[in-house]
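Asks: Below is entry-v8.csv; it holds CSV, N, CA and C atoms.
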```csv
chain,number,residue,atom,x,y,z
A,368,ARG,N,-2.4,1.8,95.2
A,368,ARG,CA,-2.2,1.8,93.8
A,368,ARG,C,-1.3,0.6,93.4
A,369,GLU,N,-0.3,0.3,94.3
A,369,GLU,CA,0.6,-0.8,94.0
A,369,GLU,C,-0.2,-2.1,93.8
A,370,ARG,N,-1.1,-2.4,94.7
A,370,ARG,CA,-1.9,-3.6,94.6
A,370,ARG,C,-2.8,-3.6,93.4
A,371,GLU,N,-3.3,-2.4,93.0
A,371,GLU,CA,-4.2,-2.3,91.9
A,371,GLU,C,-3.4,-2.5,90.6
A,372,TYR,N,-2.2,-1.9,90.5
A,372,TYR,CA,-1.5,-1.9,89.2
A,372,TYR,C,-0.4,-3.0,89.2
A,373,GLY,N,0.1,-3.4,90.3
A,373,GLY,CA,1.3,-4.3,90.4
A,373,GLY,C,1.3,-5.5,89.5
A,374,GLY,N,0.1,-6.1,89.4
A,374,GLY,CA,0.1,-7.4,88.6
A,374,GLY,C,0.4,-7.2,87.1
A,375,GLY,N,0.2,-6.0,86.6
A,375,GLY,CA,0.4,-5.9,85.2
A,375,GLY,C,1.8,-5.5,84.7
A,376,MET,N,2.7,-5.2,85.7
A,376,MET,CA,4.0,-4.8,85.3
A,376,MET,C,4.9,-5.9,84.9
A,377,PRO,N,5.6,-5.8,83.8
A,377,PRO,CA,6.6,-6.8,83.4
A,377,PRO,C,7.8,-6.7,84.3
A,378,PRO,N,8.6,-7.8,84.4
A,378,PRO,CA,9.8,-7.8,85.3
A,378,PRO,C,10.8,-6.7,84.8
A,379,VAL,N,11.5,-6.0,85.7
A,379,VAL,CA,12.4,-5.0,85.4
A,379,VAL,C,13.8,-5.3,85.7
A,380,ARG,N,14.1,-6.4,86.4
A,380,ARG,CA,15.5,-6.7,86.8
A,380,ARG,C,16.4,-6.7,85.5
A,381,GLY,N,17.5,-5.9,85.7
A,381,GLY,CA,18.5,-5.8,84.6
A,381,GLY,C,18.1,-5.0,83.4
A,382,ARG,N,16.9,-4.3,83.5
A,382,ARG,CA,16.4,-3.5,82.4
A,382,ARG,C,16.5,-2.0,82.7
A,383,THR,N,16.5,-1.2,81.7
A,383,THR,CA,16.3,0.3,82.0
A,383,THR,C,14.9,0.6,82.2
A,384,VAL,N,14.6,1.3,83.2
A,384,VAL,CA,13.2,1.7,83.5
A,384,VAL,C,13.1,3.2,83.4
A,385,ILE,N,12.1,3.7,82.6
A,385,ILE,CA,11.9,5.1,82.5
A,385,ILE,C,10.6,5.4,83.2
A,386,LEU,N,10.7,6.2,84.2
A,386,LEU,CA,9.5,6.7,85.0
A,386,LEU,C,9.1,8.0,84.4
A,387,VAL,N,7.9,8.1,84.0
A,387,VAL,CA,7.4,9.4,83.3
A,387,VAL,C,6.2,9.9,84.2
A,388,ASP,N,6.2,11.2,84.3
A,388,ASP,CA,5.2,11.9,85.0
A,388,ASP,C,4.8,13.2,84.2
A,389,ASP,N,3.7,13.8,84.5
A,389,ASP,CA,3.3,15.0,83.8
A,389,ASP,C,4.1,16.2,84.3
A,390,GLY,N,4.8,16.1,85.4
A,390,GLY,CA,5.7,17.2,85.9
A,390,GLY,C,6.1,17.0,87.3
A,391,LEU,N,7.0,17.8,87.8
A,391,LEU,CA,7.5,17.6,89.1
A,391,LEU,C,7.4,19.0,89.9
A,392,ALA,N,6.6,18.9,90.9
A,392,ALA,CA,6.6,20.1,91.8
A,392,ALA,C,7.5,19.8,93.0
A,393,THR,N,7.0,19.0,94.0
A,393,THR,CA,7.9,18.7,95.1
A,393,THR,C,8.7,17.5,94.8
A,394,GLY,N,8.3,16.6,93.9
A,394,GLY,CA,9.0,15.4,93.5
A,394,GLY,C,8.8,14.2,94.5
A,395,ALA,N,8.0,14.4,95.5
A,395,ALA,CA,7.9,13.3,96.5
A,395,ALA,C,7.4,12.0,95.9
A,396,THR,N,6.4,12.1,95.1
A,396,THR,CA,5.8,10.9,94.5
A,396,THR,C,6.8,10.2,93.6
A,397,MET,N,7.5,11.0,92.8
A,397,MET,CA,8.5,10.4,91.9
A,397,MET,C,9.7,9.8,92.6
A,398,ARG,N,10.1,10.5,93.7
A,398,ARG,CA,11.2,9.9,94.5
A,398,ARG,C,10.7,8.6,95.1
A,399,ALA,N,9.5,8.5,95.6
A,399,ALA,CA,9.0,7.2,96.1
A,399,ALA,C,9.0,6.2,95.0
A,400,ALA,N,8.6,6.6,93.8
A,400,ALA,CA,8.6,5.6,92.6
A,400,ALA,C,10.0,5.1,92.3
A,401,VAL,N,10.9,6.0,92.3
A,401,VAL,CA,12.3,5.6,92.0
A,401,VAL,C,12.8,4.6,93.1
A,402,LEU,N,12.6,4.9,94.3
A,402,LEU,CA,13.1,4.1,95.4
A,402,LEU,C,12.4,2.7,95.3
A,403,ALA,N,11.1,2.7,95.0
A,403,ALA,CA,10.3,1.4,94.9
A,403,ALA,C,10.8,0.6,93.8
A,404,ILE,N,11.1,1.2,92.6
A,404,ILE,CA,11.5,0.4,91.5
A,404,ILE,C,12.9,-0.1,91.6
A,405,ARG,N,13.7,0.7,92.4
A,405,ARG,CA,15.1,0.2,92.6
A,405,ARG,C,15.1,-1.1,93.4
A,406,GLU,N,14.1,-1.4,94.2
A,406,GLU,CA,14.0,-2.7,94.9
A,406,GLU,C,13.9,-3.9,94.0
A,407,GLN,N,13.5,-3.6,92.7
A,407,GLN,CA,13.4,-4.7,91.7
A,407,GLN,C,14.6,-4.8,90.9
A,408,HIS,N,15.7,-4.1,91.2
A,408,HIS,CA,17.0,-4.2,90.6
A,408,HIS,C,17.1,-4.0,89.1
A,409,PRO,N,16.6,-2.8,88.6
A,409,PRO,CA,16.8,-2.5,87.2
A,409,PRO,C,18.2,-2.1,87.0
A,410,SER,N,18.7,-2.1,85.7
A,410,SER,CA,20.1,-1.7,85.5
A,410,SER,C,20.2,-0.2,85.6
A,411,ARG,N,19.1,0.5,85.1
A,411,ARG,CA,19.1,2.0,85.2
A,411,ARG,C,17.7,2.5,85.5
A,412,VAL,N,17.6,3.6,86.1
A,412,VAL,CA,16.3,4.3,86.3
A,412,VAL,C,16.5,5.7,85.8
A,413,VAL,N,15.6,6.0,84.9
A,413,VAL,CA,15.6,7.4,84.2
A,413,VAL,C,14.2,8.0,84.6
A,414,VAL,N,14.3,9.2,85.0
A,414,VAL,CA,13.1,10.0,85.3
A,414,VAL,C,12.9,11.0,84.1
A,415,ALA,N,11.7,11.1,83.5
A,415,ALA,CA,11.4,11.9,82.4
A,415,ALA,C,10.1,12.7,82.6
A,416,VAL,N,10.2,14.0,82.5
A,416,VAL,CA,9.1,14.9,82.7
A,416,VAL,C,9.2,16.1,81.7
A,417,PRO,N,8.0,16.6,81.3
A,417,PRO,CA,8.1,17.8,80.4
A,417,PRO,C,8.4,19.1,81.1
A,418,VAL,N,8.0,19.1,82.4
A,418,VAL,CA,8.2,20.4,83.2
A,418,VAL,C,8.4,20.1,84.6
A,419,GLY,N,9.2,20.9,85.3
A,419,GLY,CA,9.4,20.7,86.7
A,419,GLY,C,10.1,21.8,87.3
A,420,ALA,N,10.0,21.9,88.6
A,420,ALA,CA,10.7,22.9,89.4
A,420,ALA,C,12.2,22.5,89.3
A,421,TRP,N,13.1,23.5,89.0
A,421,TRP,CA,14.5,23.3,88.8
A,421,TRP,C,15.1,22.6,90.0
A,422,ASP,N,14.9,23.0,91.2
A,422,ASP,CA,15.5,22.4,92.4
A,422,ASP,C,15.0,20.9,92.6
A,423,THR,N,13.8,20.7,92.2
A,423,THR,CA,13.3,19.3,92.3
A,423,THR,C,14.0,18.4,91.3
A,424,CYS,N,14.1,18.9,90.1
A,424,CYS,CA,14.8,18.1,89.1
A,424,CYS,C,16.2,17.8,89.5
A,425,GLN,N,16.9,18.8,90.0
A,425,GLN,CA,18.2,18.6,90.5
A,425,GLN,C,18.3,17.6,91.6
A,426,ALA,N,17.4,17.7,92.6
A,426,ALA,CA,17.5,16.8,93.7
A,426,ALA,C,17.2,15.3,93.4
A,427,LEU,N,16.4,15.1,92.4
A,427,LEU,CA,16.1,13.7,91.9
A,427,LEU,C,17.4,13.0,91.3
A,428,ARG,N,18.3,13.8,90.9
A,428,ARG,CA,19.6,13.2,90.3
A,428,ARG,C,20.3,12.4,91.3
A,429,SER,N,20.1,12.6,92.6
A,429,SER,CA,20.7,11.7,93.6
A,429,SER,C,20.1,10.4,93.7
A,430,ASP,N,18.8,10.2,93.2
A,430,ASP,CA,18.1,9.0,93.3
A,430,ASP,C,18.0,8.2,92.0
A,431,ALA,N,17.9,8.9,90.9
A,431,ALA,CA,17.8,8.3,89.6
A,431,ALA,C,19.1,8.4,88.9
A,432,ASP,N,19.3,7.5,87.9
A,432,ASP,CA,20.6,7.5,87.1
A,432,ASP,C,20.6,8.7,86.1
A,433,ASP,N,19.4,9.1,85.7
A,433,ASP,CA,19.3,10.3,84.8
A,433,ASP,C,18.0,10.9,85.0
A,434,VAL,N,17.9,12.2,84.9
A,434,VAL,CA,16.7,13.0,85.0
A,434,VAL,C,16.6,13.9,83.8
A,435,VAL,N,15.5,13.7,83.0
A,435,VAL,CA,15.2,14.5,81.8
A,435,VAL,C,14.1,15.4,82.2
A,436,CYS,N,14.3,16.7,82.3
A,436,CYS,CA,13.3,17.6,82.6
A,436,CYS,C,13.4,18.7,81.6
A,437,LEU,N,12.4,18.7,80.6
A,437,LEU,CA,12.5,19.5,79.4
A,437,LEU,C,12.5,21.0,79.7
A,438,ARG,N,11.6,21.4,80.7
A,438,ARG,CA,11.4,22.8,81.0
A,438,ARG,C,11.5,23.0,82.5
A,439,THR,N,12.2,24.0,83.0
A,439,THR,CA,12.2,24.3,84.4
A,439,THR,C,11.9,25.8,84.5
A,440,PRO,N,10.7,26.2,84.3
A,440,PRO,CA,10.3,27.7,84.3
A,440,PRO,C,10.4,28.3,85.7
A,441,GLU,N,10.8,29.5,85.7
A,441,GLU,CA,10.8,30.3,87.0
A,441,GLU,C,9.9,31.5,86.8
A,442,PRO,N,9.0,31.8,87.7
A,442,PRO,CA,8.8,30.9,88.9
A,442,PRO,C,7.9,29.7,88.5
A,443,PHE,N,8.1,28.6,89.3
A,443,PHE,CA,7.3,27.4,89.1
A,443,PHE,C,6.3,27.3,90.2
A,444,SER,N,5.0,27.4,89.9
A,444,SER,CA,4.0,27.4,90.9
A,444,SER,C,3.3,26.0,91.0
A,445,ALA,N,2.9,25.5,89.9
A,445,ALA,CA,2.2,24.2,89.9
A,445,ALA,C,2.3,23.5,88.5
A,446,VAL,N,2.4,22.2,88.5
A,446,VAL,CA,2.5,21.5,87.2
A,446,VAL,C,1.3,21.9,86.3
A,447,GLY,N,0.1,21.9,86.7
A,447,GLY,CA,-1.1,22.1,85.9
A,447,GLY,C,-1.1,23.5,85.2
A,448,LEU,N,-0.3,24.4,85.7
A,448,LEU,CA,-0.3,25.8,85.1
A,448,LEU,C,0.4,25.7,83.7
A,449,TRP,N,1.2,24.7,83.4
A,449,TRP,CA,2.0,24.6,82.2
A,449,TRP,C,1.3,23.8,81.1
A,450,TYR,N,0.0,23.4,81.3
A,450,TYR,CA,-0.8,22.7,80.4
A,450,TYR,C,-2.0,23.4,80.0
A,451,ARG,N,-2.3,23.3,78.7
A,451,ARG,CA,-3.6,23.9,78.2
A,451,ARG,C,-4.7,23.0,78.8
A,452,THR,N,-4.6,21.7,78.7
A,452,THR,CA,-5.6,20.8,79.3
A,452,THR,C,-4.8,19.9,80.2
A,453,PHE,N,-5.4,19.7,81.5
A,453,PHE,CA,-4.6,19.0,82.5
A,453,PHE,C,-5.6,17.9,83.1
A,454,ASP,N,-6.1,17.0,82.3
A,454,ASP,CA,-7.0,16.0,82.8
A,454,ASP,C,-6.2,14.9,83.5
A,455,GLN,N,-6.8,14.2,84.4
A,455,GLN,CA,-6.2,13.2,85.2
A,455,GLN,C,-6.3,11.9,84.3
A,456,THR,N,-5.3,11.0,84.5
A,456,THR,CA,-5.3,9.7,83.9
A,456,THR,C,-6.1,8.8,84.8
A,457,THR,N,-7.0,8.0,84.2
A,457,THR,CA,-7.9,7.1,85.0
A,457,THR,C,-7.2,5.8,85.3
A,458,ASP,N,-7.7,5.2,86.3
A,458,ASP,CA,-7.1,3.9,86.7
A,458,ASP,C,-7.3,2.9,85.5
A,459,GLU,N,-8.4,3.0,84.8
A,459,GLU,CA,-8.6,2.1,83.7
A,459,GLU,C,-7.6,2.3,82.6
A,460,GLU,N,-7.2,3.5,82.3
A,460,GLU,CA,-6.2,3.8,81.3
A,460,GLU,C,-4.8,3.2,81.8
A,461,VAL,N,-4.5,3.4,83.0
A,461,VAL,CA,-3.3,2.8,83.6
A,461,VAL,C,-3.3,1.3,83.4
A,462,ARG,N,-4.3,0.6,83.8
A,462,ARG,CA,-4.4,-0.8,83.7
A,462,ARG,C,-4.3,-1.3,82.3
A,463,THR,N,-4.9,-0.6,81.3
A,463,THR,CA,-4.8,-0.9,79.9
A,463,THR,C,-3.4,-0.8,79.4
A,464,LEU,N,-2.7,0.2,79.8
A,464,LEU,CA,-1.3,0.4,79.3
A,464,LEU,C,-0.4,-0.7,80.0
A,465,LEU,N,-0.6,-1.0,81.2
A,465,LEU,CA,0.2,-2.0,81.9
A,465,LEU,C,0.0,-3.4,81.3
A,466,ASP,N,-1.3,-3.7,81.0
A,466,ASP,CA,-1.6,-5.0,80.4
A,466,ASP,C,-1.0,-5.1,79.0
A,467,ALA,N,-1.0,-4.0,78.3
A,467,ALA,CA,-0.4,-4.0,76.9
A,467,ALA,C,1.1,-4.3,77.0
A,468,ALA,N,1.7,-3.6,78.0
A,468,ALA,CA,3.2,-3.8,78.2
A,468,ALA,C,3.5,-5.3,78.6
A,469,ALA,N,2.6,-5.8,79.5
A,469,ALA,CA,2.8,-7.2,79.9
A,469,ALA,C,2.7,-8.2,78.7
A,470,ARG,N,1.7,-7.9,77.8
A,470,ARG,CA,1.5,-8.8,76.6
A,470,ARG,C,2.7,-8.7,75.7
A,471,ARG,N,3.2,-7.4,75.5
A,471,ARG,CA,4.4,-7.3,74.7
A,471,ARG,C,5.6,-8.0,75.2
A,472,HIS,N,5.8,-8.0,76.6
A,472,HIS,CA,6.9,-8.7,77.2
A,472,HIS,C,6.7,-10.2,77.0
A,473,ALA,N,5.5,-10.7,77.2
A,473,ALA,CA,5.3,-12.1,77.0
A,473,ALA,C,5.6,-12.6,75.6
A,474,VAL,N,5.3,-11.8,74.6
A,474,VAL,CA,5.6,-12.1,73.2
A,474,VAL,C,7.1,-12.1,73.0
A,475,GLU,N,7.8,-11.2,73.6
A,475,GLU,CA,9.3,-11.0,73.4
A,475,GLU,C,10.0,-12.2,74.1
A,476,HIS,N,9.4,-12.8,75.1
A,476,HIS,CA,10.1,-13.8,75.8
A,476,HIS,C,9.3,-15.1,75.8
```
What's the structure tokens form of this structure?
Replies:
Amino acid sequence: REREYGGGMPPVRGRTVILVDDGLATGATMRAAVLAIREQHPSRVVVAVPVGAWDTCQALRSDADDVVCLRTPEPFSAVGLWYRTFDQTTDEEVRTLLDAAARRHAVEH
């Protein structure tokens, strides 16, 4: 995914990065994302999710500067259970959003 999406990301050095996901179960993917983005030296890394396992949201606080987890239901079984519709985001949708962000960044600078 990094090779496929990497070219469309604007530089993050010195900026606040907000990493958003549909939810956190184990948090392994989000933790990897936080650690990877830290290598680009942002000023802050914020994790934001609508729903997540309480212990996972708490554990991510050691990696991110802030964690916003709107709901931490108990018991927490799976992210998809907390959505009426849980469709996957396509690679094309991701590329379109990253390209739009890169264009906005180019205009700003």
Asks: Enumerate, as a list in words, the protein, DNA and RNA residues whose atoms approach (12.5, 9.1, 89.9) to within 8 Å, taking into account only N, CA and C atoms and the coordinate frame of the file.
Replies: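 The requested residues, written out, are Ile385, Leu386, Val387, Gly394, Thr396, Met397, Arg398, Ala399, Ala400, Val401, Leu402, Val412, Val413, Val414, Ala415, Leu427, Arg428, Asp430, Ala431, Asp432, Asp433 and Val434 of chain A.
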Asks: Atom CA of Asp422 of chain A and atom CA of Thr457 of chain A are how many Å apart?
Replies: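 That distance, rounded to one decimal, is 28.9 Å.
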Asks: Could you please write out, as number ranges by chain, every residue of segment 382-465 of chain A that DSSP assigns to strand (DSSP E)?
Replies: A: 383-387, 411-418, 433-438
Asks: When you look at Glu441 of chain A with a cut-off of 8 Å (counting only C-alpha atoms), what residues show up, excluding the ones that are within fewer than 2 positions of it in the same chain? I need them as number ranges by chain.
Replies: A: 420, 439, 443
Asks: Tell me, in Å to one decimal, how far atom C of Thr463 of chain A is from atom N of Pro378 of chain A.
Replies: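 For atom C of Thr463 of chain A relative to atom N of Pro378 of chain A, the distance reads 14.8 Å.
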Asks: With only C-alpha atoms as the counted atoms, please give the residues lying no more than 8 Å from Trp421 of chain A, apart from itself and same-chain residues fewer than 3 positions off, as a list in words.
Replies: Cys424, Gln425, Thr439 and Pro440 of chain A
Asks: Would you compute the distance between atom C of Pro377 of chain A and atom N of Val435 of chain A? Give it in Å to one decimal.
Replies: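 Taking atom C of Pro377 of chain A as the start and atom N of Val435 of chain A as the end point, the length is 21.8 Å.
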Asks: Please return segment 418-429 of chain A, rebuilt to N, CA, C and O atoms, as a short mmCIF file (atom, residue, chain, number, x, y, z; two decimals), in the frame of the given file.
Replies:
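In the end it all went to rebuild.cif:
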```cif
data_model
loop_
_atom_site.label_atom_id
_atom_site.label_comp_id
_atom_site.auth_asym_id
_atom_site.auth_seq_id
_atom_site.Cartn_x
_atom_site.Cartn_y
_atom_site.Cartn_z
N VAL A 418 8.00 19.10 82.40
CA VAL A 418 8.20 20.40 83.20
C VAL A 418 8.40 20.10 84.60
O VAL A 418 7.82 19.10 85.15
N GLY A 419 9.20 20.90 85.30
CA GLY A 419 9.40 20.70 86.70
C GLY A 419 10.10 21.80 87.30
O GLY A 419 10.72 22.65 86.67
N ALA A 420 10.00 21.90 88.60
CA ALA A 420 10.70 22.90 89.40
C ALA A 420 12.20 22.50 89.30
O ALA A 420 12.63 21.37 89.47
N TRP A 421 13.10 23.50 89.00
CA TRP A 421 14.50 23.30 88.80
C TRP A 421 15.10 22.60 90.00
O TRP A 421 15.83 21.57 89.80
N ASP A 422 14.90 23.00 91.20
CA ASP A 422 15.50 22.40 92.40
C ASP A 422 15.00 20.90 92.60
O ASP A 422 15.81 20.08 92.99
N THR A 423 13.80 20.70 92.20
CA THR A 423 13.30 19.30 92.30
C THR A 423 14.00 18.40 91.30
O THR A 423 14.38 17.26 91.66
N CYS A 424 14.10 18.90 90.10
CA CYS A 424 14.80 18.10 89.10
C CYS A 424 16.20 17.80 89.50
O CYS A 424 16.69 16.66 89.28
N GLN A 425 16.90 18.80 90.00
CA GLN A 425 18.20 18.60 90.50
C GLN A 425 18.30 17.60 91.60
O GLN A 425 19.20 16.70 91.64
N ALA A 426 17.40 17.70 92.60
CA ALA A 426 17.50 16.80 93.70
C ALA A 426 17.20 15.30 93.40
O ALA A 426 17.83 14.44 93.97
N LEU A 427 16.40 15.10 92.40
CA LEU A 427 16.10 13.70 91.90
C LEU A 427 17.40 13.00 91.30
O LEU A 427 17.43 11.81 91.24
N ARG A 428 18.30 13.80 90.90
CA ARG A 428 19.60 13.20 90.30
C ARG A 428 20.30 12.40 91.30
O ARG A 428 21.09 11.51 90.93
N SER A 429 20.10 12.60 92.60
CA SER A 429 20.70 11.70 93.60
C SER A 429 20.10 10.40 93.70
O SER A 429 20.65 9.43 94.29
#
```
